[in-house]
$ cat protein_30.txt   # compact mmCIF, C-alpha atoms
# COMPACT_ATOMS: atom_id res chain seq x y z
CA MET A 1 -16.01 4.11 -11.23
CA GLY A 2 -16.85 6.07 -8.12
CA THR A 3 -15.91 9.65 -7.44
CA SER A 4 -13.98 11.21 -4.61
CA SER A 5 -17.17 12.81 -3.33
CA ASP A 6 -18.62 9.39 -2.54
CA LEU A 7 -16.88 9.19 0.82
CA HIS A 8 -16.11 12.81 1.68
CA HIS A 9 -18.36 12.36 4.71
CA ASP A 10 -15.89 9.71 5.90
CA ARG A 11 -13.17 12.21 6.76
CA PRO A 12 -12.34 12.02 10.46
CA GLU A 13 -10.47 14.89 12.04
CA PRO A 14 -6.91 13.66 12.57
CA VAL A 15 -5.28 14.11 15.95
CA VAL A 16 -1.80 15.61 15.69
CA GLY A 17 0.97 14.00 17.70
CA ARG A 18 4.73 14.47 17.67
CA THR A 19 6.56 16.43 14.99
CA TRP A 20 10.17 16.06 13.88
CA ARG A 21 12.76 17.31 11.40
CA ARG A 22 15.48 14.99 10.13
CA ASP A 23 17.46 14.43 6.92
CA GLY A 24 15.53 17.06 4.97
CA VAL A 25 12.12 15.77 6.09
CA VAL A 26 9.55 17.45 8.31
CA GLY A 27 7.21 14.85 9.80
CA THR A 28 4.01 14.84 11.81
CA GLU A 29 2.34 11.96 13.60
CA LEU A 30 -1.38 11.66 12.93
CA THR A 31 -4.10 9.37 14.27
CA TRP A 32 -7.76 9.10 13.36
CA ALA A 33 -10.75 6.94 14.13
CA THR A 34 -11.29 3.88 11.94
CA PRO A 35 -14.50 3.21 9.98
CA GLU A 36 -14.98 0.00 11.96
CA GLN A 37 -14.21 -1.04 15.49
CA GLY A 38 -10.58 -1.32 16.43
CA THR A 39 -7.57 0.73 17.34
CA PRO A 40 -7.18 4.15 15.69
CA THR A 41 -5.20 4.42 12.49
CA GLU A 42 -1.69 5.78 12.96
CA ALA A 43 -0.02 7.64 10.10
CA TRP A 44 2.94 9.83 9.26
CA PHE A 45 2.64 12.97 7.17
CA LEU A 46 5.97 13.92 5.61
CA LYS A 47 7.04 17.02 3.70
CA PRO A 48 10.37 18.33 2.35
CA ALA A 49 11.88 20.59 4.99
CA ASP A 50 12.86 23.30 2.51
CA HIS A 51 9.27 23.47 1.19
CA ALA A 52 7.37 22.76 4.40
CA GLY A 53 5.27 25.93 4.06
CA ASP A 54 4.40 25.45 0.38
CA VAL A 55 1.31 23.90 -1.17
CA LEU A 56 2.62 20.67 -2.68
CA PRO A 57 1.47 17.75 -4.79
CA ALA A 58 1.01 14.73 -2.59
CA VAL A 59 1.32 10.96 -2.62
CA LEU A 60 -0.73 8.46 -0.65
CA LEU A 61 1.92 5.76 -0.14
CA MET A 62 0.59 2.25 0.45
CA HIS A 63 2.72 -0.11 2.51
CA GLY A 64 2.81 -3.68 1.26
CA HIS A 65 2.11 -7.09 2.74
CA ASP A 66 5.73 -8.26 2.88
CA GLY A 67 4.81 -11.26 5.03
CA LEU A 68 5.22 -8.90 7.98
CA LYS A 69 2.19 -7.58 9.87
CA PHE A 70 3.72 -6.34 13.10
CA TYR A 71 4.75 -3.24 11.12
CA GLY A 72 2.90 -1.28 8.44
CA LYS A 73 3.99 2.26 7.58
CA GLU A 74 7.39 1.60 9.16
CA LYS A 75 8.34 -0.67 6.27
CA VAL A 76 8.37 2.18 3.76
CA SER A 77 8.94 5.28 5.91
CA ASP A 78 10.71 6.53 9.01
CA GLY A 79 8.96 8.15 11.95
CA PRO A 80 10.01 10.41 14.79
CA ASP A 81 12.29 7.74 16.26
CA GLY A 82 13.99 6.88 12.98
CA PRO A 83 13.83 3.49 11.24
CA ALA A 84 11.96 0.84 13.19
CA PRO A 85 14.34 -1.81 14.58
CA GLY A 86 12.45 -4.70 12.99
CA VAL A 87 12.49 -3.58 9.34
CA SER A 88 16.18 -3.27 8.46
CA GLU A 89 16.45 -6.80 7.01
CA LEU A 90 13.18 -6.42 5.10
CA ARG A 91 14.38 -3.19 3.53
CA LYS A 92 17.73 -4.72 2.65
CA GLN A 93 16.10 -7.72 0.95
CA GLY A 94 13.17 -6.01 -0.75
CA TYR A 95 13.87 -2.29 -1.07
CA ASP A 96 17.64 -1.95 -1.62
CA GLY A 97 17.78 -0.65 1.94
CA GLN A 98 15.77 2.43 0.97
CA SER A 99 12.94 4.32 2.65
CA VAL A 100 10.41 4.67 -0.18
CA ALA A 101 8.81 7.70 1.44
CA ALA A 102 12.13 9.55 1.75
CA GLY A 103 12.64 9.32 -2.01
CA LEU A 104 9.20 10.74 -2.70
CA VAL A 105 9.73 13.60 -0.25
CA ASP A 106 13.11 14.34 -1.79
CA ALA A 107 11.32 14.59 -5.15
CA GLY A 108 9.14 17.39 -3.78
CA PHE A 109 6.01 15.55 -2.67
CA ALA A 110 4.08 15.65 0.55
CA VAL A 111 3.57 12.02 1.58
CA LEU A 112 0.99 10.34 3.80
CA VAL A 113 1.62 6.73 4.80
CA HIS A 114 -0.85 5.01 7.11
CA ASP A 115 -1.42 1.61 8.67
CA VAL A 116 -4.34 -0.52 7.48
CA PHE A 117 -6.01 -3.54 9.01
CA PRO A 118 -4.39 -5.85 10.03
CA TRP A 119 -0.93 -4.22 9.95
CA GLY A 120 0.99 -2.00 12.35
CA SER A 121 -1.23 0.04 14.63
CA ARG A 122 -4.25 -1.71 13.05
CA ARG A 123 -2.91 -5.19 13.78
CA ILE A 124 -5.04 -7.64 15.69
CA SER A 125 -4.60 -7.61 19.43
CA TRP A 126 -2.56 -10.56 20.65
CA ALA A 127 -5.35 -11.33 23.08
CA ASP A 128 -7.77 -11.78 20.16
CA PHE A 129 -5.85 -14.68 18.61
CA PRO A 130 -7.32 -18.16 19.25
CA ASP A 131 -5.65 -19.98 22.13
CA ARG A 132 -4.19 -22.53 19.75
CA ALA A 133 -2.23 -19.76 18.03
CA ARG A 134 -0.65 -18.59 21.28
CA LYS A 135 1.91 -20.23 23.50
CA ALA A 136 2.03 -17.48 26.11
CA ALA A 137 0.05 -14.41 27.12
CA ASP A 138 2.79 -12.01 26.18
CA MET A 139 3.41 -10.83 22.64
CA ASN A 140 6.69 -10.69 20.83
CA GLU A 141 7.25 -9.81 17.22
CA GLU A 142 8.44 -13.20 15.99
CA ARG A 143 5.61 -15.15 17.62
CA TYR A 144 3.06 -12.61 16.42
CA GLU A 145 4.13 -13.07 12.79
CA VAL A 146 3.75 -16.85 12.98
CA ALA A 147 0.21 -16.50 14.29
CA ALA A 148 -0.70 -13.63 11.95
CA ARG A 149 0.38 -15.58 8.87
CA GLU A 150 -2.28 -18.21 9.50
CA HIS A 151 -4.85 -15.86 10.97
CA GLU A 152 -5.07 -13.91 7.70
CA HIS A 153 -6.98 -16.83 6.17
CA GLY A 154 -9.48 -16.75 9.02
CA ILE A 155 -9.96 -13.01 8.61
CA ALA A 156 -10.60 -13.43 4.88
CA LYS A 157 -13.09 -16.26 5.50
CA ALA A 158 -14.97 -14.24 8.13
CA ALA A 159 -15.16 -11.26 5.81
CA ALA A 160 -16.52 -13.38 2.97
CA LEU A 161 -19.14 -14.91 5.27
CA THR A 162 -20.39 -11.43 6.15
CA GLY A 163 -20.59 -10.28 2.54
CA SER A 164 -17.29 -8.42 2.44
CA SER A 165 -13.62 -9.20 1.88
CA LEU A 166 -10.30 -8.36 3.46
CA ALA A 167 -9.53 -6.28 0.36
CA GLY A 168 -12.82 -4.42 0.80
CA LYS A 169 -12.09 -3.63 4.44
CA VAL A 170 -8.64 -2.32 3.52
CA LEU A 171 -10.09 -0.27 0.66
CA ARG A 172 -12.48 1.47 3.01
CA GLU A 173 -9.59 2.47 5.27
CA ASP A 174 -7.58 3.66 2.26
CA LEU A 175 -10.49 5.82 1.10
CA VAL A 176 -10.61 7.43 4.53
CA ALA A 177 -6.85 8.06 4.40
CA LEU A 178 -7.18 9.66 0.97
CA ASN A 179 -9.86 11.99 2.29
CA VAL A 180 -7.68 12.85 5.29
CA LEU A 181 -4.80 13.66 2.93
CA ARG A 182 -7.02 15.94 0.84
CA GLY A 183 -7.75 18.01 3.93
CA LEU A 184 -4.22 18.33 5.30
CA PRO A 185 -2.54 21.77 5.24
CA GLY A 186 -0.12 22.40 2.41
CA VAL A 187 -1.60 19.70 0.13
CA ASP A 188 -2.80 20.50 -3.38
CA ALA A 189 -5.96 18.36 -3.30
CA ALA A 190 -6.15 18.36 -7.10
CA ARG A 191 -2.67 16.82 -7.42
CA ILE A 192 -2.73 13.65 -5.34
CA ALA A 193 -1.22 10.40 -6.61
CA THR A 194 -0.99 6.98 -5.02
CA THR A 195 1.68 4.31 -5.27
CA GLY A 196 2.40 0.91 -3.80
CA PHE A 197 4.61 -2.17 -4.15
CA SER A 198 3.27 -5.73 -4.01
CA GLY A 199 0.29 -5.78 -1.62
CA GLY A 200 0.46 -1.99 -1.66
CA GLY A 201 -0.01 -2.19 -5.42
CA ALA A 202 -3.16 -4.24 -4.92
CA ARG A 203 -4.45 -1.46 -2.68
CA VAL A 204 -3.69 1.08 -5.43
CA ALA A 205 -5.67 -0.94 -7.98
CA HIS A 206 -8.72 -1.07 -5.73
CA LEU A 207 -8.48 2.62 -4.96
CA LEU A 208 -8.47 3.37 -8.68
CA ALA A 209 -11.72 1.44 -9.03
CA ALA A 210 -13.39 3.36 -6.22
CA THR A 211 -12.37 7.01 -6.48
CA ASP A 212 -10.40 9.63 -8.41
CA VAL A 213 -6.71 10.43 -8.10
CA LYS A 214 -4.37 12.39 -10.33
CA ALA A 215 -2.10 9.42 -11.10
CA ALA A 216 -1.21 5.97 -9.78
CA VAL A 217 1.66 3.48 -9.71
CA ILE A 218 1.44 -0.28 -9.24
CA THR A 219 4.72 -2.12 -8.71
CA ALA A 220 5.11 -5.92 -8.91
CA MET A 221 1.39 -6.63 -8.49
CA MET A 222 -0.01 -7.16 -11.96
CA SER A 223 -1.01 -10.40 -13.65
CA THR A 224 -4.25 -12.26 -14.43
CA PHE A 225 -6.55 -14.25 -12.19
CA ALA A 226 -5.99 -17.31 -14.40
CA ASP A 227 -2.25 -17.05 -13.81
CA ILE A 228 -2.73 -16.75 -10.05
CA ALA A 229 -5.01 -19.79 -10.01
CA ASP A 230 -2.42 -21.77 -12.00
CA GLY A 231 0.05 -22.41 -9.22
CA HIS A 232 0.53 -18.95 -7.72
CA ALA A 233 -2.35 -18.68 -5.26
CA ASP A 234 -0.17 -19.53 -2.25
CA ASP A 235 2.08 -16.57 -3.05
CA THR A 236 -0.81 -14.13 -3.48
CA THR A 237 -2.22 -11.99 -0.69
CA TRP A 238 -5.93 -11.84 0.09
CA LEU A 239 -5.59 -8.14 -0.77
CA MET A 240 -5.71 -9.26 -4.41
CA ILE A 241 -8.36 -11.96 -4.05
CA THR A 242 -11.97 -10.95 -3.51
CA PRO A 243 -14.56 -13.76 -3.70
CA GLY A 244 -16.73 -13.34 -6.78
CA LEU A 245 -14.60 -10.69 -8.45
CA PRO A 246 -13.05 -12.98 -11.11
CA ALA A 247 -16.57 -13.73 -12.36
CA VAL A 248 -17.00 -10.02 -13.10
CA CYS A 249 -13.62 -8.95 -14.48
CA ASP A 250 -9.93 -9.81 -14.61
CA TRP A 251 -7.34 -8.17 -12.39
CA PRO A 252 -5.97 -5.75 -15.04
CA ALA A 253 -9.52 -4.44 -15.54
CA VAL A 254 -9.63 -3.40 -11.88
CA ALA A 255 -6.58 -1.17 -12.30
CA ALA A 256 -7.73 0.04 -15.73
CA SER A 257 -11.22 0.95 -14.54
CA ALA A 258 -9.97 4.48 -13.94
CA ALA A 259 -8.65 4.96 -17.50
CA PRO A 260 -7.53 7.42 -18.74
CA THR A 261 -6.14 8.29 -15.31
CA PRO A 262 -2.34 8.22 -15.77
CA LEU A 263 -1.05 4.83 -14.65
CA LEU A 264 2.47 3.42 -14.34
CA VAL A 265 2.74 -0.35 -13.91
CA GLN A 266 6.11 -1.92 -13.13
CA PHE A 267 6.72 -5.61 -13.81
CA ALA A 268 9.52 -7.74 -12.36
CA GLN A 269 10.64 -10.23 -15.02
CA HIS A 270 11.52 -12.94 -12.45
CA ASP A 271 8.65 -12.29 -10.04
CA SER A 272 7.98 -15.61 -8.28
CA HIS A 273 4.48 -14.43 -7.32
CA PHE A 274 3.30 -14.56 -10.94
CA GLY A 275 4.03 -16.36 -14.19
CA LEU A 276 5.76 -14.50 -17.00
CA ALA A 277 2.94 -15.33 -19.44
CA GLY A 278 0.35 -14.03 -17.00
CA MET A 279 2.21 -10.78 -16.55
CA ARG A 280 2.55 -10.36 -20.32
CA ASP A 281 -1.17 -11.04 -20.73
CA ALA A 282 -1.90 -8.38 -18.10
CA ASP A 283 0.37 -5.91 -19.89
CA ALA A 284 -1.55 -6.51 -23.12
CA ALA A 285 -4.92 -6.16 -21.36
CA LEU A 286 -3.88 -2.84 -19.85
CA ALA A 287 -2.70 -1.58 -23.25
CA GLN A 288 -6.06 -2.52 -24.74
CA ALA A 289 -7.96 -0.75 -21.96
CA TYR A 290 -5.86 2.39 -22.45
CA SER A 291 -5.97 2.24 -26.26
CA GLY A 292 -6.15 5.67 -27.82
CA THR A 293 -4.44 7.42 -24.90
CA ASP A 294 -0.86 7.96 -23.83
CA ALA A 295 -1.77 7.75 -20.14
CA LEU A 296 -0.41 4.22 -19.57
CA VAL A 297 3.27 3.43 -19.05
CA THR A 298 4.51 -0.09 -18.36
CA GLN A 299 8.08 -0.85 -17.35
CA TRP A 300 9.84 -4.22 -17.16
CA PHE A 301 12.78 -4.87 -14.82
CA ASP A 302 15.15 -7.83 -14.78
CA ASP A 303 14.44 -8.52 -11.12
CA ARG A 304 12.58 -10.77 -8.74
CA HIS A 305 9.71 -9.64 -6.48
CA VAL A 306 11.49 -6.55 -5.16
CA PHE A 307 11.25 -2.77 -5.26
CA THR A 308 14.79 -1.77 -6.12
CA ALA A 309 16.35 1.68 -5.94
CA ASP A 310 16.15 1.83 -9.76
CA MET A 311 12.44 1.02 -9.69
CA GLN A 312 11.83 3.58 -6.96
CA GLY A 313 13.72 6.19 -8.96
CA ALA A 314 11.62 5.44 -12.04
CA VAL A 315 8.48 5.95 -9.96
CA THR A 316 9.54 9.34 -8.64
CA ASP A 317 10.68 10.48 -12.10
CA TRP A 318 7.33 9.51 -13.63
CA LEU A 319 5.34 11.12 -10.81
CA ARG A 320 7.28 14.38 -11.15
CA ARG A 321 6.38 14.52 -14.84
CA THR A 322 2.78 13.47 -14.37
CA VAL A 323 1.31 14.93 -11.19

$ encode --input "protein_30.txt" --output "structure tokens"
Amino acid sequence: MGTSSDLHHDRPEPVVGRTWRRDGVVGTELTWATPEQGTPTEAWFLKPADHAGDVLPAVLLMHGHDGLKFYGKEKVSDGPDGPAPGVSELRKQGYDGQSVAAGLVDAGFAVLVHDVFPWGSRRISWADFPDRARKAADMNEERYEVAAREHEHGIAKAAALTGSSLAGKVLREDLVALNVLRGLPGVDAARIATTGFSGGGARVAHLLAATDVKAAVITAMMSTFADIADGHADDTTWLMITPGLPAVCDWPAVAASAAPTPLLVQFAQHDSHFGLAGMRDADAALAQAYSGTDALVTQWFDDRHVFTADMQGAVTDWLRRTV
């Protein structure tokens, strides 16, 4: 396992944009340069309004895949203009209509949520798509998503051919974001957790393997590579699949590589992305990796691949006790 000092040199100075206060939240727009070529990373830094001047524990909140790349941070948080117009249906279907970040802020955490390649502000320029993926020179959200769904495979192939992976590129950006968060005013750098649902949970697992955090939560993103290969690969993001990794370890071992870092893993009993046996095998593997400690908590919910209000509440309750 790496340490947080490994990439402290990769801490760009964020540029501060607009600020806002709404519904008990004080927010600040931030942007910073990316480790690789491309548009700057856009992020929102959120704090509880009644504790805006305090030094607080913090959460690096990872947005998920969600089959939606036009937006990133907007899927789990609200910015200066309120909820993004294109995420209301996604939140209704997958998040019980909730802003995940708002719940964490209400629980007393400072929260940083940032876009990563190729989502949101880090999405691929429409002009960079192959001509066959475009029907017109202008971009609209619906057409972009159709092209982006197929283009993800090309991105993953190109990364593999250059000795990397899409997951690796995202991890590097997440490490930079973690370092940015450690340097933000009012953040207790020794009390930073990370949490994510679905593809965001895959990002959490990789972060655990690369650096140190106080605690972590993975929601609806835990099974075994054998289970994924057995009929679930089409439902699995490239954020979870790195060429060559299954020859080294299984997926639970990635998340457990940081043991005994406190870890909460939430399983959805009817998750169509994984098989029930695979999830149970992963649960057992995590328990074995954390044997002799009380730092692992696993929770099972009678739900499909969603992040319900009950699941979100369980996350904030656990983080309040742990961080």

$ atom_distance --input "protein_30.txt" --atom1 "CA of Val59 in chain A" --atom2 "CA of Gly108 in chain A"
10.2 Å

$ axis_aligned_box --input "protein_30.txt" --around "range 285-294 of chain A" --padding-each-side "8 Å" --output "lines of an AutoDock Vina configuration file"
center_x = -4.4
center_y = 0.9
center_z = -23.8
size_x = 23.1
size_y = 30.1
size_z = 24.0

$ residues_around --input "protein_30.txt" --residues "range 254-265 of chain A" --least-positions-apart "2" --cutoff "9 Å" --atoms "all atoms listed in the file" --output "PyMOL selection string"
chain A and resi 1+202+204-222+249-252+267+283+285-286+289-290+293-300+315+318-319+322-323

$ closest_residue --input "protein_30.txt" --among "A:Ala156, A:Gly186, A:Gly313, A:Phe225" --to "Trp238 in chain A" --atoms "all atoms listed in the file"
A:Ala156

$ closest_residue --input "protein_30.txt" --among "A:Asn179, A:Ser121, A:Gln288, A:Gln93" --to "Pro40 in chain A" --atoms "all atoms listed in the file"
A:Ser121

$ atom_distance --input "protein_30.txt" --atom1 "CA of Ala159 in chain A" --atom2 "CA of His305 in chain A"
27.8 Å

$ residues_around --input "protein_30.txt" --residues "Pro12 in chain A" --least-positions-apart "4" --cutoff "10 Å" --atoms "all atoms listed in the file" --output "ChimeraX atom specification"
/A:8,31-35,176-177,179-180,183

$ closest_residue --input "protein_30.txt" --among "A:Ser164, A:Pro85, A:Ile241, A:Thr195" --to "Val100 in chain A" --atoms "all atoms listed in the file"
A:Thr195

$ closest_residue --input "protein_30.txt" --among "A:His114, A:Arg122, A:Arg21, A:His232" --to "Lys47 in chain A" --atoms "only C-alpha atoms"
A:Arg21
